[in-house]
Amino acid sequence: MKTTEKTAVMSEINITFPDDSVRSYGAGITGMEIAADISKSLAKAAIAVSIDGELSDLSLPIESDAKLEILKRDNEEALEMIRHDCAHVMAEAVQSLFPGTQVTIGPSIENGFYYDFARNDPFSTEDLEVIEKEMRKIVERGESFTREVWSRDEAIKFFTDKGEMYKAELIQDLPETEEIKIYKQGEWTDLCRGPHMPTTKHVGTAFKLLKVAGAYWRGDSNKAMLTRIYGTAWRDDKELKAYLMQLEEAEKRDHRKLGTEMDLFHFQHEAQGSVFWHPKGFTIYNQMEAYIRRRLNAGGYREIKTPQLIDNKLWEASGHWGKYRENMFVVPDEVPSTDDEGPIVSDKAFEKLMALKPMNCPAHVQVFKQGTKSYRDLPIRFAEFGCCHRNEAHGALHGLMRARQFTQDDAHIFCREDQITGESVAFCDLVKNVYTDMGFEDVRVVLSLRPDVRAGSDEIWDKAEDGLRQALIKTGLDFEEAENEGAFYGPKIDYQVRDAIGRTWQCGTLQLDFVLPERLDANYIGEDGAKHRPVMLHRAVLGSLERFIGVMIENYAGKLPLWLAPVQCVVATITSDADEYGQKVFAALQEAGLRAELDIRNEKINYKVREHSHAKVPVMFVVGAREAEEGTVAIRRMDSKDQPVEPLEKAIELLANQSKPPY
């Protein structure tokens, strides 16, 4: 066994491996030394170790008993390290090519990484190829990542002397108790918590720089604008190629692009983050809302409507004001001053604050509190298509997917503790049925547990978490648990759907809350005649209607199911001789309740077919002189070469049956 220099007397530690086998080593042994002790091939393939569940450098001494796993590039955890190291390689390449550029922050993110740079002349997409070429040289050199711990003053002086003022600021703001860790790759030095792989060569060559964007220092619009370079990195070229193909397909499916092509909606500067629905787009919206409303009615929900503007006193009582204030749109409530003769309109004092609601839950509690509720009344299920506003940063806005104004298919269930499991199981069944109707079969379920900052006692959180856990077990759903991901008032179940090209979207949620009824003094009269607090279940199936519609558009690449398509059928005439018959066919479709359009323009039929196919119209009834004479239509479906001819009545009956909503 290879060892490093140690004191004359070494204590012995026990290392437990994933197969539960145990080996003893001298304290201070490194992960690399343990890998080499097992086999030379393992030492060669190793990139990091997991010590008691935490990733660590292979070079870090292990001083006490630990559970240890040696990680290789084929481990799932390797992806994050590859991306993190790739960000460092990119930063070195940038500073090598563009002296005077300051590096700031460069984390790994989902599917890739980014690094923010401070430079007088922002980078452009033309620079990416040059930077990428330099990165490959750095990877090929295989410089070792080495870790050092510096004093705070030493680190600040080092980066200040280099002109790296952003790094110096980061160090200055670190907690006094935190170690200042410095990583070097060859001669290049960076502030970083780590861990890193052994050398830059371990990054591999399966990476690509994707785009440049602007980003404020520390996300603050009052601070300097930096240039952010995004990249992606994978374990091998096969994974990289698959991801780049997914990006290409995602670009084709972009709901903003399709929204324009299909004339569904638009956005504009004067209403940042709010959608302008066009008639066709609002048809989709109304169909989706009507579908969910039918589901809710069948599930025993009662629909309500609550105010948009609510006094900040209610948000303070609920806890949202302290937790969510910066994301709320606040409006001063003008209260005129008065004298003996009445109000002085010109001298107004802003004595109160109102806020546009970012969520519906406190308002639903107010409806519950009206009148006395008995244990026999529970559960009470209030539903609302509630319009909410959240002050999202401009840079975070993304069409329908992330907006400032949106509508939730929101509901709150007020129930007794003994009803938690039954209500949760019913909701899980509802979500499963809705997602199946929408065409999503691959759904990931995550139980998110208590965050570090939270309201309520540990005893309450224990009950809440176990309540949702037991409901999931009873439904037979496969689920995973996520530490520290719950809401501040309670744990939650999150539902993530996987779309046609493999992307995952967070949609539905069920949140169990013992805290808000306590904060807002909600109660019911129990069987014992005393007052009791109800349990509150926050739940949404689609989440934001706008966002879910965006997901649907991208999942189907605009080719929506017949029941949801804004135009279900276009009647297109071949010649003007068939115009009168085309009008008759159009009228018959409308009478059957189908959403139809008539195209009798003096254009060639191939031109009409291309145009309506581009607009993603699912069905066309093509009619000419022959069809007019025989009382038939030629049925042309999108993406189909077949064009069967059917009697008009039969064709409409068939289309009407196929266009029925799933519920």
# chains A, B, ... in the order shown; residues from 1 in each chain; ligands from 1
call {"tool": "select_by_dssp", "arguments": {"residues": "stretch 463-534 of chain A", "states": "strand (DSSP E or B)", "output": "number ranges by chain"}}
result
A: 480-482, 487, 490, 492-498, 504-513, 524-525, 531-532
call {"tool": "residues_around", "arguments": {"residues": "A:Lys357", "least_positions_apart": "4", "cutoff": "10 Å", "atoms": "only C-alpha atoms", "output": "list in words"}}
result
Thr306, Pro307, Gln308, Leu309, Ile310, Asp311, Asn312, Trp315, Met328, Phe329, Val330, Cys361, Pro362, Ala363, Gly386, Cys387, Cys388, His389 and Arg390 of chain A
call {"tool": "residues_around", "arguments": {"residues": "A:Ser576", "least_positions_apart": "2", "cutoff": "10 Å", "atoms": "only C-alpha atoms", "output": "VMD selection string"}}
result
chain A and resid 573 to 574 578 to 582 600 to 603 624 to 625
call {"tool": "write_last_selection", "arguments": {"atoms": "N, CA and C atoms", "output": "compact mmCIF listing (two decimals), in the first residue's frame"}}
result
# COMPACT_ATOMS: atom_id res chain seq x y z
N THR A 573 -61.20 24.64 -50.56
CA THR A 573 -61.72 24.34 -51.90
C THR A 573 -60.60 24.26 -52.92
N ILE A 574 -60.78 23.38 -53.91
CA ILE A 574 -59.79 23.21 -54.97
C ILE A 574 -60.00 24.25 -56.07
N ALA A 578 -66.36 25.00 -56.34
CA ALA A 578 -66.75 24.26 -55.13
C ALA A 578 -66.99 25.18 -53.94
N ASP A 579 -66.94 26.51 -54.16
CA ASP A 579 -67.06 27.44 -53.03
C ASP A 579 -68.38 27.29 -52.29
N GLU A 580 -69.48 27.17 -53.04
CA GLU A 580 -70.79 27.07 -52.40
C GLU A 580 -70.88 25.80 -51.56
N TYR A 581 -70.35 24.69 -52.11
CA TYR A 581 -70.37 23.43 -51.36
C TYR A 581 -69.44 23.55 -50.14
N GLY A 582 -68.31 24.21 -50.30
CA GLY A 582 -67.39 24.40 -49.18
C GLY A 582 -68.06 25.14 -48.04
N ILE A 600 -61.60 29.65 -49.01
CA ILE A 600 -62.04 29.65 -50.41
C ILE A 600 -61.26 30.68 -51.22
N ARG A 601 -60.03 30.94 -50.77
CA ARG A 601 -59.18 31.90 -51.48
C ARG A 601 -58.83 31.36 -52.87
N ASN A 602 -58.55 32.27 -53.74
CA ASN A 602 -58.17 31.89 -55.10
C ASN A 602 -56.68 31.53 -55.14
N GLU A 603 -56.34 30.43 -54.45
CA GLU A 603 -54.97 29.93 -54.39
C GLU A 603 -54.98 28.45 -54.74
N GLY A 624 -63.68 19.67 -54.09
CA GLY A 624 -63.65 20.21 -55.45
C GLY A 624 -65.00 19.94 -56.10
N ALA A 625 -65.04 20.08 -57.41
CA ALA A 625 -66.29 19.89 -58.14
C ALA A 625 -66.84 18.48 -57.96
call {"tool": "closest_residue", "arguments": {"among": "A:Val130, A:Leu71, A:Ala500, A:Ala393", "to": "A:Gly219", "atoms": "only C-alpha atoms"}}
result
A:Ala393
call {"tool": "closest_residue", "arguments": {"among": "A:Gly142, A:Gly31, A:Pro644, A:Gly100", "to": "A:Ile47", "atoms": "only C-alpha atoms"}}
result
A:Gly31
call {"tool": "residues_around", "arguments": {"residues": "stretch 261-277 of chain A", "least_positions_apart": "3", "cutoff": "12 Å", "atoms": "only C-alpha atoms", "output": "ChimeraX atom specification"}}
result
/A:252-258,280-286,387-407,545-547,549-550,553,557-560,565-567,611-617
call {"tool": "closest_residue", "arguments": {"among": "A:Leu68, A:Val535, A:Val431, A:Ala48", "to": "A:Arg416", "atoms": "only C-alpha atoms"}}
result
A:Val535
call {"tool": "residues_around", "arguments": {"residues": "A:Leu353", "least_positions_apart": "5", "cutoff": "6 Å", "atoms": "only C-alpha atoms", "output": "list of chain:residue names"}}
result
A:Asn312, A:Val331, A:Pro332, A:Asp333
call {"tool": "atom_distance", "arguments": {"atom1": "atom CA of A:Asp410", "atom2": "atom CA of A:Leu468"}}
result
18.6 Å
call {"tool": "residues_around", "arguments": {"residues": "A:Gly300", "least_positions_apart": "2", "cutoff": "12 Å", "atoms": "only C-alpha atoms", "output": "list in words"}}
result
Arg293, Arg294, Arg295, Leu296, Asn297, Ala298, Arg302, Glu303, Leu378, Pro379, Ile380, Arg381, Phe382, Ala383, Ala411, Ile413, Glu423, Ala426, Phe427 and Leu430 of chain A
call {"tool": "atom_distance", "arguments": {"atom1": "atom CA of A:Tyr25", "atom2": "atom CA of A:Ala78"}}
result
25.8 Å
call {"tool": "closest_residue", "arguments": {"among": "A:Met135, A:Ile180, A:Pro175, A:Leu356", "to": "A:Ala155", "atoms": "only C-alpha atoms"}}
result
A:Ile180
call {"tool": "residues_around", "arguments": {"residues": "A:Pro618", "least_positions_apart": "6", "cutoff": "12 Å", "atoms": "only C-alpha atoms", "output": "compact mmCIF listing (two decimals) with C-alpha atoms, in the first residue's frame"}}
result
# COMPACT_ATOMS: atom_id res chain seq x y z
CA TYR A 556 -46.56 17.93 -29.24
CA GLY A 558 -47.59 22.35 -31.91
CA LYS A 559 -49.54 19.32 -33.22
CA LEU A 560 -52.01 19.31 -30.35
CA PRO A 561 -54.58 16.56 -29.78
CA LEU A 562 -57.81 17.16 -31.72
CA TRP A 563 -59.84 18.10 -28.64
CA LEU A 564 -57.33 20.84 -27.77
CA ALA A 565 -56.45 22.14 -31.26
CA PRO A 566 -57.69 25.75 -31.70
CA VAL A 567 -58.82 24.94 -35.25
CA GLN A 568 -59.88 21.34 -35.62
CA CYS A 569 -60.66 21.37 -39.32
CA VAL A 570 -60.17 23.65 -42.32
CA VAL A 571 -62.45 23.31 -45.33
CA ARG A 595 -63.97 24.48 -34.48
CA ALA A 596 -63.62 25.02 -38.23
CA VAL A 609 -52.29 22.60 -47.65
CA HIS A 612 -52.48 25.14 -42.88
CA ILE A 635 -59.93 13.97 -45.57
CA ARG A 636 -56.33 15.08 -45.26
CA ARG A 637 -54.67 14.66 -41.86
CA MET A 638 -51.46 16.32 -40.84
CA ASP A 639 -48.39 14.11 -41.38
CA SER A 640 -50.42 11.52 -43.32
CA LEU A 655 -64.30 13.88 -36.64
CA GLN A 658 -62.40 11.98 -32.35
CA SER A 659 -62.57 15.58 -31.09
call {"tool": "closest_residue", "arguments": {"among": "A:Tyr114, A:Met197, A:Ala91, A:Val22", "to": "A:Ser59", "atoms": "only C-alpha atoms"}}
result
A:Met197
call {"tool": "closest_residue", "arguments": {"among": "A:Lys238, A:Glu134, A:Gly28, A:Pro198", "to": "A:Ala46", "atoms": "only C-alpha atoms"}}
result
A:Pro198
call {"tool": "select_by_dssp", "arguments": {"residues": "stretch 213-413 of chain A", "states": "helix (DSSP H, G or I)", "output": "PyMOL selection string"}}
result
chain A and resi 217-219+237-253+255-261+269-271+279-298+312-318+320-327+361-368+375-377+394-396
call {"tool": "atom_distance", "arguments": {"atom1": "atom CA of A:Ile460", "atom2": "atom CA of A:Leu510"}}
result
16.9 Å
